[in-house]
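For reference, work-v6.cif is printed below; it contains mmCIF, C-alpha atoms.
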data_start
#
loop_
_atom_site.label_atom_id
_atom_site.label_comp_id
_atom_site.auth_asym_id
_atom_site.auth_seq_id
_atom_site.Cartn_x
_atom_site.Cartn_y
_atom_site.Cartn_z
CA MET A 1 -36.89 -32.09 33.24
CA THR A 2 -34.04 -29.63 32.83
CA LYS A 3 -31.48 -30.59 30.19
CA ARG A 4 -27.88 -30.82 31.31
CA LEU A 5 -25.91 -27.83 30.04
CA THR A 6 -23.29 -28.47 27.38
CA CYS A 7 -21.41 -25.23 28.08
CA ASP A 8 -21.75 -21.72 29.46
CA VAL A 9 -22.15 -20.04 26.07
CA VAL A 10 -22.75 -21.01 22.45
CA VAL A 11 -21.18 -18.64 19.92
CA VAL A 12 -22.88 -18.84 16.53
CA GLY A 13 -20.55 -17.87 13.69
CA ALA A 14 -16.88 -18.79 13.28
CA GLY A 15 -15.83 -15.67 11.47
CA MET A 16 -13.51 -13.12 13.01
CA VAL A 17 -16.02 -11.68 15.48
CA GLY A 18 -17.21 -15.11 16.61
CA ALA A 19 -13.63 -16.31 16.97
CA ALA A 20 -12.80 -13.28 19.13
CA CYS A 21 -15.93 -13.80 21.25
CA ALA A 22 -14.94 -17.43 21.80
CA LEU A 23 -11.37 -16.52 22.72
CA TYR A 24 -12.17 -13.76 25.19
CA ALA A 25 -15.01 -15.76 26.76
CA ALA A 26 -12.63 -18.70 27.24
CA ARG A 27 -10.04 -16.36 28.74
CA ALA A 28 -12.74 -15.16 31.17
CA GLY A 29 -13.10 -18.74 32.39
CA LEU A 30 -16.30 -19.63 30.54
CA SER A 31 -16.87 -22.92 28.74
CA VAL A 32 -17.57 -22.21 25.06
CA VAL A 33 -18.87 -24.04 22.00
CA LEU A 34 -18.26 -22.22 18.71
CA VAL A 35 -20.57 -23.41 15.94
CA ASP A 36 -20.78 -22.59 12.23
CA ARG A 37 -22.62 -24.08 9.28
CA GLY A 38 -19.40 -23.84 7.24
CA PRO A 39 -15.67 -23.72 8.01
CA VAL A 40 -13.83 -21.13 10.09
CA ALA A 41 -13.80 -17.81 8.18
CA GLY A 42 -16.08 -19.28 5.52
CA GLY A 43 -18.32 -16.21 5.23
CA THR A 44 -17.59 -12.49 5.21
CA THR A 45 -14.28 -12.84 7.05
CA GLY A 46 -12.76 -14.91 4.26
CA SER A 47 -13.66 -12.19 1.75
CA GLY A 48 -12.17 -9.31 3.73
CA GLU A 49 -8.99 -7.29 3.39
CA GLY A 50 -8.03 -7.59 7.05
CA ASN A 51 -8.16 -3.92 7.95
CA ILE A 52 -7.82 -2.68 11.52
CA LEU A 53 -8.65 0.99 11.05
CA VAL A 54 -9.30 4.20 12.91
CA SER A 55 -8.72 6.44 9.88
CA ASP A 56 -12.20 6.00 8.38
CA LYS A 57 -14.20 6.55 11.58
CA GLU A 58 -15.63 9.82 12.78
CA PRO A 59 -15.70 10.65 16.51
CA GLY A 60 -18.36 8.65 18.31
CA PRO A 61 -19.12 5.14 19.58
CA GLU A 62 -17.62 3.24 16.63
CA LEU A 63 -14.34 5.13 16.90
CA GLU A 64 -14.19 4.42 20.64
CA LEU A 65 -14.68 0.73 19.85
CA ALA A 66 -12.03 0.91 17.11
CA LEU A 67 -9.47 2.46 19.49
CA LEU A 68 -10.16 -0.21 22.12
CA SER A 69 -10.01 -2.97 19.53
CA GLY A 70 -6.81 -1.64 17.99
CA ARG A 71 -5.08 -1.75 21.36
CA LEU A 72 -6.29 -5.31 21.91
CA TRP A 73 -5.12 -6.41 18.44
CA THR A 74 -1.69 -4.96 19.19
CA GLU A 75 -1.60 -6.90 22.46
CA LEU A 76 -2.64 -10.11 20.70
CA ALA A 77 0.00 -9.62 18.01
CA ALA A 78 2.65 -9.22 20.70
CA GLU A 79 1.90 -12.66 22.16
CA PRO A 80 4.48 -15.33 21.21
CA GLY A 81 3.99 -16.48 17.63
CA VAL A 82 0.68 -14.70 17.09
CA GLY A 83 1.81 -11.65 15.10
CA GLU A 84 3.64 -13.77 12.55
CA SER A 85 0.86 -16.34 12.25
CA VAL A 86 -1.80 -13.72 11.43
CA GLU A 87 0.51 -11.54 9.26
CA PHE A 88 -0.07 -8.56 11.53
CA GLU A 89 1.36 -5.35 10.03
CA ALA A 90 1.25 -2.08 11.96
CA LYS A 91 1.89 -0.24 8.71
CA GLY A 92 -0.39 2.77 9.10
CA GLY A 93 -2.84 4.32 6.69
CA VAL A 94 -2.64 7.26 4.30
CA VAL A 95 -5.65 9.25 3.13
CA VAL A 96 -5.01 11.29 -0.01
CA ALA A 97 -6.62 14.60 -0.98
CA SER A 98 -6.61 15.56 -4.66
CA SER A 99 -7.35 19.27 -4.14
CA ASP A 100 -6.72 22.05 -1.63
CA GLU A 101 -10.43 22.08 -0.78
CA GLY A 102 -10.39 18.36 -0.17
CA LEU A 103 -7.29 18.69 1.98
CA ALA A 104 -8.96 21.36 4.11
CA ALA A 105 -12.00 19.14 4.66
CA LEU A 106 -9.76 16.19 5.45
CA GLY A 107 -7.80 18.28 7.93
CA GLU A 108 -11.01 19.31 9.70
CA PHE A 109 -12.11 15.67 9.91
CA ALA A 110 -8.70 14.66 11.30
CA ALA A 111 -8.81 17.43 13.91
CA GLY A 112 -12.01 15.97 15.33
CA GLN A 113 -10.43 12.52 15.39
CA ARG A 114 -7.37 13.83 17.26
CA GLU A 115 -9.63 15.21 19.98
CA ALA A 116 -11.06 11.69 20.32
CA GLY A 117 -7.62 10.11 20.75
CA VAL A 118 -6.56 9.27 17.19
CA ASP A 119 -3.00 9.88 16.01
CA ALA A 120 -3.84 11.75 12.78
CA ARG A 121 -0.97 13.67 11.17
CA LEU A 122 -1.59 16.18 8.40
CA VAL A 123 1.11 15.82 5.72
CA THR A 124 2.10 18.05 2.83
CA ALA A 125 2.37 16.80 -0.75
CA ASP A 126 6.14 16.36 -0.38
CA GLU A 127 5.72 14.42 2.86
CA LEU A 128 3.04 12.32 1.21
CA TYR A 129 5.49 11.22 -1.48
CA ASP A 130 8.03 10.37 1.21
CA LEU A 131 5.42 7.98 2.62
CA GLU A 132 4.28 6.64 -0.77
CA PRO A 133 6.83 7.39 -3.53
CA HIS A 134 4.75 5.77 -6.29
CA LEU A 135 1.63 7.90 -5.82
CA ALA A 136 0.33 9.79 -8.83
CA PRO A 137 1.66 13.34 -9.16
CA GLY A 138 -0.49 16.34 -8.36
CA THR A 139 -1.93 15.42 -4.96
CA ALA A 140 -2.49 18.25 -2.50
CA GLY A 141 -1.47 16.33 0.61
CA GLY A 142 -3.17 14.03 3.04
CA VAL A 143 -3.34 12.58 6.53
CA PHE A 144 -1.16 9.80 7.93
CA TYR A 145 -2.68 7.43 10.51
CA PRO A 146 0.05 5.39 12.27
CA GLN A 147 -2.54 3.37 14.24
CA ASP A 148 -3.99 1.66 11.16
CA ALA A 149 -2.93 -1.97 10.80
CA GLN A 150 -3.73 -5.13 8.86
CA VAL A 151 -3.99 -8.88 9.35
CA MET A 152 -4.62 -11.73 6.94
CA PRO A 153 -8.25 -12.38 7.96
CA SER A 154 -8.58 -16.13 7.38
CA LEU A 155 -5.29 -16.81 9.16
CA ALA A 156 -6.24 -14.47 12.01
CA ALA A 157 -9.65 -16.05 12.58
CA ALA A 158 -8.09 -19.52 12.56
CA GLN A 159 -5.43 -18.40 15.05
CA LEU A 160 -8.01 -16.95 17.47
CA VAL A 161 -9.97 -20.19 17.27
CA ARG A 162 -6.82 -22.21 17.99
CA MET A 163 -6.12 -20.01 21.00
CA ALA A 164 -9.69 -20.46 22.26
CA ARG A 165 -9.49 -24.24 21.80
CA SER A 166 -6.24 -24.36 23.76
CA LEU A 167 -8.30 -22.99 26.67
CA GLY A 168 -10.97 -25.66 26.31
CA ALA A 169 -13.37 -24.11 23.79
CA GLU A 170 -15.00 -26.59 21.42
CA LEU A 171 -15.38 -25.97 17.66
CA ARG A 172 -18.23 -27.51 15.68
CA THR A 173 -18.18 -26.73 11.98
CA ALA A 174 -20.56 -27.95 9.25
CA ALA A 175 -23.37 -27.63 11.81
CA SER A 176 -26.27 -25.40 10.80
CA VAL A 177 -28.28 -23.77 13.58
CA THR A 178 -31.95 -24.56 12.94
CA ALA A 179 -33.50 -23.21 16.15
CA VAL A 180 -32.71 -21.26 19.29
CA LEU A 181 -33.86 -23.34 22.25
CA ARG A 182 -35.93 -21.48 24.86
CA THR A 183 -37.76 -22.31 28.06
CA ALA A 184 -41.51 -21.88 28.51
CA GLY A 185 -40.69 -18.48 30.01
CA GLY A 186 -38.72 -17.43 26.92
CA GLU A 187 -35.16 -17.72 28.29
CA VAL A 188 -32.45 -19.04 26.00
CA ARG A 189 -31.31 -22.61 26.62
CA GLY A 190 -28.98 -23.14 23.68
CA VAL A 191 -29.36 -23.98 20.01
CA ARG A 192 -30.54 -26.87 17.87
CA THR A 193 -28.30 -27.80 14.95
CA ASP A 194 -28.61 -30.41 12.24
CA ARG A 195 -25.96 -32.31 14.18
CA GLY A 196 -27.60 -32.16 17.59
CA ASP A 197 -28.55 -29.77 20.38
CA ILE A 198 -26.11 -27.61 22.34
CA HIS A 199 -27.49 -26.54 25.72
CA ALA A 200 -26.34 -23.27 27.29
CA PRO A 201 -27.84 -20.30 29.15
CA TYR A 202 -26.32 -17.85 26.66
CA VAL A 203 -26.22 -17.71 22.87
CA VAL A 204 -23.98 -15.12 21.17
CA ASN A 205 -25.20 -14.19 17.70
CA ALA A 206 -21.94 -13.58 15.82
CA ALA A 207 -23.33 -14.66 12.46
CA GLY A 208 -22.33 -11.47 10.66
CA THR A 209 -24.34 -10.85 7.51
CA TRP A 210 -26.64 -13.69 8.52
CA GLY A 211 -27.17 -12.30 12.03
CA GLY A 212 -30.75 -11.35 11.22
CA GLU A 213 -31.54 -14.98 10.48
CA ILE A 214 -30.19 -16.15 13.83
CA ALA A 215 -32.09 -13.39 15.64
CA ALA A 216 -35.29 -14.45 13.86
CA LEU A 217 -34.83 -18.03 15.07
CA ALA A 218 -35.01 -16.61 18.59
CA GLY A 219 -38.10 -14.56 17.79
CA ALA A 220 -36.28 -11.21 17.57
CA ALA A 221 -35.93 -8.88 14.59
CA LEU A 222 -32.52 -7.42 13.73
CA PRO A 223 -32.18 -5.35 10.52
CA VAL A 224 -28.92 -6.81 9.16
CA LEU A 225 -28.65 -6.63 5.37
CA PRO A 226 -25.92 -7.76 2.96
CA ARG A 227 -23.85 -5.03 1.30
CA ARG A 228 -21.84 -6.54 -1.56
CA GLY A 229 -18.22 -5.66 -2.21
CA PHE A 230 -15.52 -6.84 -4.64
CA VAL A 231 -11.76 -6.94 -4.19
CA LEU A 232 -9.21 -7.20 -7.02
CA VAL A 233 -5.97 -9.09 -6.26
CA THR A 234 -2.82 -8.46 -8.31
CA GLU A 235 0.13 -10.69 -9.04
CA PRO A 236 2.76 -10.80 -6.24
CA LEU A 237 5.05 -7.76 -6.32
CA PRO A 238 7.92 -6.26 -4.36
CA ARG A 239 6.52 -3.86 -1.78
CA ARG A 240 5.61 -0.69 -3.68
CA VAL A 241 2.53 0.30 -1.67
CA ARG A 242 3.71 0.74 1.90
CA HIS A 243 0.48 1.64 3.69
CA LYS A 244 -3.25 1.31 3.28
CA VAL A 245 -3.90 4.17 0.85
CA TYR A 246 -7.27 5.55 -0.10
CA ALA A 247 -8.91 8.65 -1.48
CA ALA A 248 -10.79 10.94 0.86
CA ASP A 249 -14.18 10.07 -0.70
CA TYR A 250 -13.85 6.53 0.68
CA VAL A 251 -14.99 7.78 4.10
CA ALA A 252 -18.17 9.22 2.59
CA ASP A 253 -18.93 5.88 0.92
CA VAL A 254 -18.45 3.98 4.17
CA VAL A 255 -21.06 6.04 6.02
CA SER A 256 -23.50 6.29 3.13
CA GLY A 257 -26.80 4.46 3.42
CA SER A 258 -27.36 4.31 -0.33
CA ALA A 259 -28.22 0.97 -1.90
CA ALA A 260 -26.69 2.04 -5.21
CA LEU A 261 -23.22 1.07 -6.39
CA GLN A 262 -20.43 3.20 -4.94
CA THR A 263 -16.73 2.80 -5.66
CA SER A 264 -13.77 4.69 -4.23
CA PRO A 265 -10.11 3.74 -4.66
CA VAL A 266 -8.46 1.80 -1.85
CA VAL A 267 -5.04 0.21 -2.43
CA GLU A 268 -2.83 -1.73 -0.06
CA GLY A 269 0.04 -4.15 -0.22
CA THR A 270 0.19 -7.42 1.69
CA ALA A 271 2.92 -9.37 3.44
CA ALA A 272 2.61 -12.09 0.79
CA GLY A 273 3.18 -9.67 -2.12
CA PRO A 274 -0.16 -9.21 -3.94
CA ILE A 275 -1.81 -5.79 -3.85
CA LEU A 276 -5.48 -5.63 -2.81
CA ILE A 277 -7.70 -3.15 -4.65
CA GLY A 278 -11.14 -1.98 -3.51
CA ALA A 279 -13.60 -0.73 -2.59
CA SER A 280 -17.12 -1.17 -3.88
CA ARG A 281 -20.43 -1.12 -2.02
CA GLU A 282 -23.94 -1.96 -3.18
CA ARG A 283 -27.02 -3.60 -1.71
CA VAL A 284 -28.17 -6.29 -4.12
CA GLY A 285 -29.12 -9.02 -1.65
CA PHE A 286 -26.89 -12.09 -1.77
CA ASP A 287 -26.23 -11.85 -5.50
CA ARG A 288 -22.69 -13.16 -6.07
CA SER A 289 -22.67 -12.44 -9.82
CA PHE A 290 -19.40 -11.20 -11.26
CA SER A 291 -19.63 -7.53 -12.31
CA LEU A 292 -17.27 -6.33 -15.04
CA PRO A 293 -18.32 -2.66 -14.57
CA VAL A 294 -17.31 -2.85 -10.91
CA MET A 295 -13.97 -4.43 -11.83
CA ARG A 296 -13.29 -1.66 -14.33
CA ALA A 297 -14.21 1.01 -11.77
CA LEU A 298 -11.91 -0.50 -9.16
CA ALA A 299 -9.01 -0.79 -11.61
CA ALA A 300 -9.50 2.77 -12.85
CA GLY A 301 -9.59 4.18 -9.33
CA ALA A 302 -6.47 2.27 -8.31
CA THR A 303 -4.45 3.45 -11.32
CA ARG A 304 -5.48 7.04 -10.59
CA LEU A 305 -3.80 6.67 -7.20
CA PHE A 306 -0.87 4.53 -8.39
CA PRO A 307 -0.20 4.78 -12.15
CA PHE A 308 2.28 1.86 -12.10
CA LEU A 309 -0.68 -0.48 -11.52
CA ALA A 310 -1.73 0.00 -15.16
CA ASP A 311 1.06 -2.44 -16.09
CA VAL A 312 0.31 -4.96 -13.32
CA ARG A 313 -1.77 -8.07 -13.88
CA ALA A 314 -4.92 -8.68 -11.84
CA MET A 315 -4.84 -12.39 -10.97
CA ARG A 316 -8.28 -12.78 -9.44
CA ALA A 317 -11.23 -11.07 -7.82
CA TYR A 318 -13.47 -12.12 -4.98
CA VAL A 319 -16.80 -10.98 -3.59
CA GLY A 320 -18.16 -10.76 -0.07
CA PHE A 321 -21.13 -9.37 1.83
CA ARG A 322 -20.67 -6.81 4.57
CA PRO A 323 -23.30 -6.98 7.37
CA TYR A 324 -24.93 -3.57 6.89
CA MET A 325 -26.97 -1.91 9.64
CA PRO A 326 -29.19 1.15 9.04
CA ASP A 327 -27.24 3.36 11.48
CA HIS A 328 -23.80 1.89 10.64
CA LEU A 329 -23.24 0.65 14.19
CA PRO A 330 -22.97 -3.02 15.09
CA ALA A 331 -25.39 -4.69 17.50
CA ILE A 332 -23.38 -5.55 20.60
CA GLY A 333 -25.02 -6.61 23.82
CA PRO A 334 -28.00 -8.42 25.33
CA ASP A 335 -31.35 -8.59 23.57
CA ALA A 336 -33.96 -7.39 26.07
CA ARG A 337 -36.65 -9.34 24.20
CA VAL A 338 -34.94 -12.72 24.60
CA PRO A 339 -33.13 -13.29 27.91
CA GLY A 340 -29.82 -15.01 27.27
CA LEU A 341 -29.51 -13.89 23.63
CA VAL A 342 -26.50 -11.62 23.09
CA HIS A 343 -25.72 -9.99 19.74
CA ALA A 344 -22.28 -9.37 18.26
CA CYS A 345 -22.95 -8.70 14.59
CA GLY A 346 -23.63 -5.98 12.02
CA HIS A 347 -20.09 -4.54 11.85
CA GLU A 348 -20.36 -3.91 8.09
CA GLY A 349 -16.86 -3.62 6.60
CA ALA A 350 -15.13 -3.08 9.95
CA GLY A 351 -15.63 -6.50 11.53
CA ILE A 352 -11.99 -7.56 11.31
CA GLY A 353 -10.76 -4.44 13.05
CA LEU A 354 -13.58 -4.28 15.63
CA ALA A 355 -13.54 -8.00 16.43
CA ALA A 356 -11.08 -7.95 19.33
CA GLY A 357 -12.92 -5.14 21.09
CA THR A 358 -16.29 -6.77 20.48
CA GLY A 359 -15.13 -10.13 21.82
CA HIS A 360 -13.62 -8.46 24.87
CA LEU A 361 -16.85 -6.57 25.64
CA ILE A 362 -19.02 -9.64 25.13
CA ALA A 363 -16.83 -11.63 27.52
CA GLN A 364 -17.12 -8.88 30.12
CA LEU A 365 -20.93 -8.98 29.83
CA LEU A 366 -21.09 -12.76 30.07
CA SER A 367 -18.79 -12.90 33.08
CA GLY A 368 -20.52 -10.06 34.93
CA ALA A 369 -17.63 -7.59 34.64
CA PRO A 370 -18.41 -3.92 33.92
CA PRO A 371 -17.78 -3.28 30.19
CA ASP A 372 -14.92 -0.99 29.23
CA LEU A 373 -17.22 1.02 26.94
CA ASN A 374 -20.74 2.38 27.25
CA LEU A 375 -22.73 -0.16 25.24
CA THR A 376 -25.94 1.89 25.02
CA PRO A 377 -25.31 3.05 21.40
CA PHE A 378 -24.75 -0.57 20.32
CA LEU A 379 -27.67 -2.26 22.08
CA PRO A 380 -30.12 -4.02 19.75
CA ASP A 381 -33.05 -2.39 21.58
CA ARG A 382 -32.47 0.73 19.48
CA PHE A 383 -34.22 -0.97 16.57
CA ALA A 384 -37.32 -1.97 18.54
CA THR A 385 -39.43 0.89 17.21
CA ARG A 386 -37.77 1.16 13.82
CA PRO A 387 -39.05 -0.91 10.89
CA PRO A 388 -36.34 -2.92 9.11
CA GLU A 389 -35.05 -1.61 5.81
CA GLU A 390 -35.90 -3.57 2.72
CA ALA A 391 -33.18 -4.70 0.39
CA PRO A 392 -33.66 -3.47 -3.17
#

Output the structure of this file as structure tokens.
Amino acid sequence: MTKRLTCDVVVVGAGMVGAACALYAARAGLSVVLVDRGPVAGGTTGSGEGNILVSDKEPGPELELALLSGRLWTELAAEPGVGESVEFEAKGGVVVASSDEGLAALGEFAAGQREAGVDARLVTADELYDLEPHLAPGTAGGVFYPQDAQVMPSLAAAQLVRMARSLGAELRTAASVTAVLRTAGGEVRGVRTDRGDIHAPYVVNAAGTWGGEIAALAGAALPVLPRRGFVLVTEPLPRRVRHKVYAADYVADVVSGSAALQTSPVVEGTAAGPILIGASRERVGFDRSFSLPVMRALAAGATRLFPFLADVRAMRAYVGFRPYMPDHLPAIGPDARVPGLVHACGHEGAGIGLAAGTGHLIAQLLSGAPPDLNLTPFLPDRFATRPPEEAP
């Protein structure tokens, strides 16, 4: 006997990507249940900085997704009340070069981005200090990226969920998915949770760092691994850091596949006043242990960029786990091994910024509309012949 369907699609994971998938699917006219074992934004999203970036992405599929997503975030922020509720700031980003050689390399990187549609403006040292007057002296120049923006991630995820629910989507939190329901022929028919079954012909795996676990419940392997990162948060201050500011070596750290600890200075102000300081990356499983050496490295890097921070108090630090994929591209699209299973996870540290575009594309797939981007580079099938990496 066929079970009566609960909805058209179950979205697993109420972080930013899952919230965006639920919203855009609801806007496409689909009935949606969004389920999470914790609260909204209780995982990686709640530990993020809220970046919506093009500045750190080289030409290719991820940059195309970032440009699409940035436009969609801007449209969302322009809707009545949304921009204020998510603390959307179209403040732009600044990448700083400490030497003439570094500036030349940065300029070459920016030239390639401009050809791909990015607004990337090479600035002299004097122009750099016009943008950020409190930068350390002696920089060679940099690149200004007006398209970079920021939201407050927990508020933004909650707002997208509210918007989805206003269209009829249902939210079920504190409900752990324990199985992916399938027919005798292998097609998806929903999920089993510790609070009951949810029947649907489609399941969207938006579980972020835990996306591999959800895929495994459906009998599919997906090589998502946790990549730990810390963020230092200062006391509230008047706005002295106007943009997202980072050193040029941050881009190299983002695309590195190393499991070892990497730190590169990233500093940005927030609408609420505190300054956020990052960034660190290391693959140590789900170890949440506090690391004093990482804190010292982050503080040292930040004060090299902005010397005034040496006299500012750090009020707290938090840790999160980016969903790392071996090729640094998220898995977006249908899983050919499990009909009805659709992946939307593995965005690493870019999930906040790429969420709107990902949700939009997933909704197009589910509703039968042609996707706005070529999804071939993102399809999970690319890992079918590649053994998963092992965490150290």

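Taken over the shown file, the PyMOL selection byres ((chain A and resi 243-248) around 8) identifies Lys91, Gly92, Gly93, Val94, Val95, Val96, Ala97, Ser98, Gly102, Leu106, Glu132, Asp148, Val241, Arg242, Asp249, Tyr250, Val251, Ala252, Ser264, Pro265, Val266, Val267, Glu268, Gly269 and Leu305 of chain A.
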
note - CA of Gly273 in chain A and CA of Pro146 in chain A are separated by 21.1 Å

For the file shown, what are the residues hit by the PyMOL selection byres ((chain A and resi 314-328) around 9), laid out as a CSV table (one decimal) with C-alpha atoms, in the frame of the given file?
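What ended up in out.csv:
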chain,number,residue,atom,x,y,z
A,43,GLY,CA,-18.3,-16.2,5.2
A,44,THR,CA,-17.6,-12.5,5.2
A,45,THR,CA,-14.3,-12.8,7.0
A,46,GLY,CA,-12.8,-14.9,4.3
A,47,SER,CA,-13.7,-12.2,1.8
A,48,GLY,CA,-12.2,-9.3,3.7
A,62,GLU,CA,-17.6,3.2,16.6
A,208,GLY,CA,-22.3,-11.5,10.7
A,209,THR,CA,-24.3,-10.8,7.5
A,210,TRP,CA,-26.6,-13.7,8.5
A,211,GLY,CA,-27.2,-12.3,12.0
A,222,LEU,CA,-32.5,-7.4,13.7
A,223,PRO,CA,-32.2,-5.4,10.5
A,224,VAL,CA,-28.9,-6.8,9.2
A,225,LEU,CA,-28.6,-6.6,5.4
A,226,PRO,CA,-25.9,-7.8,3.0
A,227,ARG,CA,-23.8,-5.0,1.3
A,228,ARG,CA,-21.8,-6.5,-1.6
A,229,GLY,CA,-18.2,-5.7,-2.2
A,230,PHE,CA,-15.5,-6.8,-4.6
A,231,VAL,CA,-11.8,-6.9,-4.2
A,232,LEU,CA,-9.2,-7.2,-7.0
A,233,VAL,CA,-6.0,-9.1,-6.3
A,234,THR,CA,-2.8,-8.5,-8.3
A,235,GLU,CA,0.1,-10.7,-9.0
A,254,VAL,CA,-18.4,4.0,4.2
A,255,VAL,CA,-21.1,6.0,6.0
A,256,SER,CA,-23.5,6.3,3.1
A,257,GLY,CA,-26.8,4.5,3.4
A,281,ARG,CA,-20.4,-1.1,-2.0
A,283,ARG,CA,-27.0,-3.6,-1.7
A,285,GLY,CA,-29.1,-9.0,-1.6
A,286,PHE,CA,-26.9,-12.1,-1.8
A,288,ARG,CA,-22.7,-13.2,-6.1
A,289,SER,CA,-22.7,-12.4,-9.8
A,290,PHE,CA,-19.4,-11.2,-11.3
A,295,MET,CA,-14.0,-4.4,-11.8
A,299,ALA,CA,-9.0,-0.8,-11.6
A,312,VAL,CA,0.3,-5.0,-13.3
A,313,ARG,CA,-1.8,-8.1,-13.9
A,329,LEU,CA,-23.2,0.6,14.2
A,330,PRO,CA,-23.0,-3.0,15.1
A,331,ALA,CA,-25.4,-4.7,17.5
A,345,CYS,CA,-23.0,-8.7,14.6
A,346,GLY,CA,-23.6,-6.0,12.0
A,347,HIS,CA,-20.1,-4.5,11.8
A,348,GLU,CA,-20.4,-3.9,8.1
A,349,GLY,CA,-16.9,-3.6,6.6
A,350,ALA,CA,-15.1,-3.1,10.0
A,351,GLY,CA,-15.6,-6.5,11.5
A,388,PRO,CA,-36.3,-2.9,9.1
A,389,GLU,CA,-35.0,-1.6,5.8

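Using the PyMOL selection byres ((chain A and resi 154) around 8) on the file at hand returns these residues: Val40, Ala41, Thr45, Gly46, Met152, Pro153, Leu155, Ala156, Ala157 and Ala158 of chain A.
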
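Take CA of Tyr145 in chain A and CA of Val54 in chain A: the distance between them is 7.7 Å.
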
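Among the candidate residues A:Asn205, A:Val161, A:Gly13, A:Asp36, the one lying nearest to Ala175 in chain A is A:Asp36, with distances computed using only C-alpha atoms.
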
For range 21-26 of chain A, please output as JSON, numbers by chain all residues within 7 Å (counting all atoms listed in the file; exclusion window: fewer than 2 positions along the same chain). {"A": [11, 17, 18, 19, 28, 29, 30, 31, 32, 34, 160, 161, 163, 164, 167, 169, 359, 360, 362, 363]}

The distance between CA of Leu379 in chain A and CA of Gln159 in chain A is 28.4 Å

Can you check which parts of range 319-350 of chain A lie within 9 Å of range 182-195 of chain A? Per residue, the shortest pair of atoms and distance in Å to one decimal, counting all atoms listed in the file, sorted by chain and number, as a Markdown table.
| residue | atom | partner | partner_atom | distance |
| --- | --- | --- | --- | --- |
| A:Arg337 | CA | A:Gly186 | CA | 8.8 |
| A:Val338 | CA | A:Glu187 | CA | 6.2 |
| A:Pro339 | CA | A:Glu187 | CA | 4.9 |
| A:Gly340 | CA | A:Val188 | CA | 5.0 |
| A:Leu341 | CA | A:Val188 | CA | 6.4 |
